[in-house]
Amino acid sequence: MSADPKIRTYLRHQEKIKSLIFLLVILLIVLSVFLIYERRSESQELFLIAAESKTDLSSSGEGDEGGMKQDVNTESPEGEATAEEPSAVYFPIHLEGAVLNPGVYQVKEGTIINEVVAAAGGLLEDADSRKVNLASLLSPHQQIYIPRLGEELRLEEIQNNFSGDNPSSGEREKININLATQDELCRLSGVGAATAKKIIAYREQHGPFKRLEDIMQVPGIKAAKFEAFKDDIRLE
């Protein structure tokens with residue numbers, strides 16, 4: 001007997017449904033595999049981006065740190081200079097007596113006795129600072145003797161403490177502004193290398209100074225600066 005047409009139709013219908021379900025399952029599997037692959041790719045990309053960012057930040061941090069070190073190492077205590085300044089003038093002095101480390105010291109122009117004493121480690125406990133003016137300016141080749149308590153200074157030592165230019169007379173040697181070299185002019189209070197060059201240039205252009213006050217014609221030397229060194233200069 002042949003099967004009932006209704007039954008055959010039902011069976012064909014069931015087969016179509018099974019085929020559709022199979023195709024749907026296959027599509028779901030393919031779609032799932034595709035989504036999983038995409039998510040993995042995105043995760044890998046995010047990981048690579050994060051790793052690169054971390055590397056860039058580390059490199060940037062190291063660069064900044066190196067820059068800071070360079071800034072700190074290259075910056076001067078007084079900051080960046082906006083204009084060229086004359087070089088400082090140094091000269092030797094001899095410090096002896098009741099200090100921790102006596103000896104010969106190179107000091108900058110304008111240094112006072114108290115500063116070189118501090119550089120030498122300070123006074124000893126038995127030092128008699130009353131016999132030395134610690135606020136006195138030092139001069140080239142000066143010898144300073146710090147006595148101990150109860151010690152009497154010789155005349156020569158007193159004169160040396162007063163001035164290093166001419167200890168035998170107890171007076172500072174005056175500088176001939178018509179003949180002085182640059183180094184000699186730099187020994188004047190407030191006169192650096194740049195000002196000394198201007199003095200020499202003015203002297204070569206206009207001839208010898210006729211009066212001490214004529215030095216104020218040199219650019220950069222005003223009344224205040226002249227007053228600071230007028231007792232230390234001469235014309236002949």
# chains A, B, ... in the order shown; residues from 1 in each chain; ligands from 1
$ residues_around --residues "stretch 183-200 of chain A" --least-positions-apart "5" --cutoff "8 Å" --atoms "only C-alpha atoms" --output "list in words"
Glu85, Pro86, Ser87, Ala88, Val89, Glu109, Gly110, Ser139, Pro140, Ile175, Ile177, Ile215, Val218, Pro219, Gly220, Ile221, Lys225, Ala228, Phe229 and Asp232 of chain A
$ residues_around --residues "stretch 99-104 of chain A" --least-positions-apart "4" --cutoff "7 Å" --atoms "only C-alpha atoms" --output "PyMOL selection string"
chain A and resi 92-95+117+120-124
$ closest_residue --among "A:Gln182, A:Gln14, A:Asn176, A:Asn133" --to "A:Arg211" --atoms "only C-alpha atoms"
A:Asn176
$ atom_distance --atom1 "atom CA of A:Asn178" --atom2 "atom CA of A:Glu236"
7.4 Å
$ residues_around --residues "stretch 146-150 of chain A" --least-positions-apart "2" --cutoff "8 Å" --atoms "only C-alpha atoms" --output "PyMOL selection string"
chain A and resi 95-99+126-129+131-132+144+152-153
$ closest_residue --among "A:Arg130, A:Leu138, A:Val107, A:Phe209" --to "A:Glu151" --atoms "only C-alpha atoms"
A:Arg130
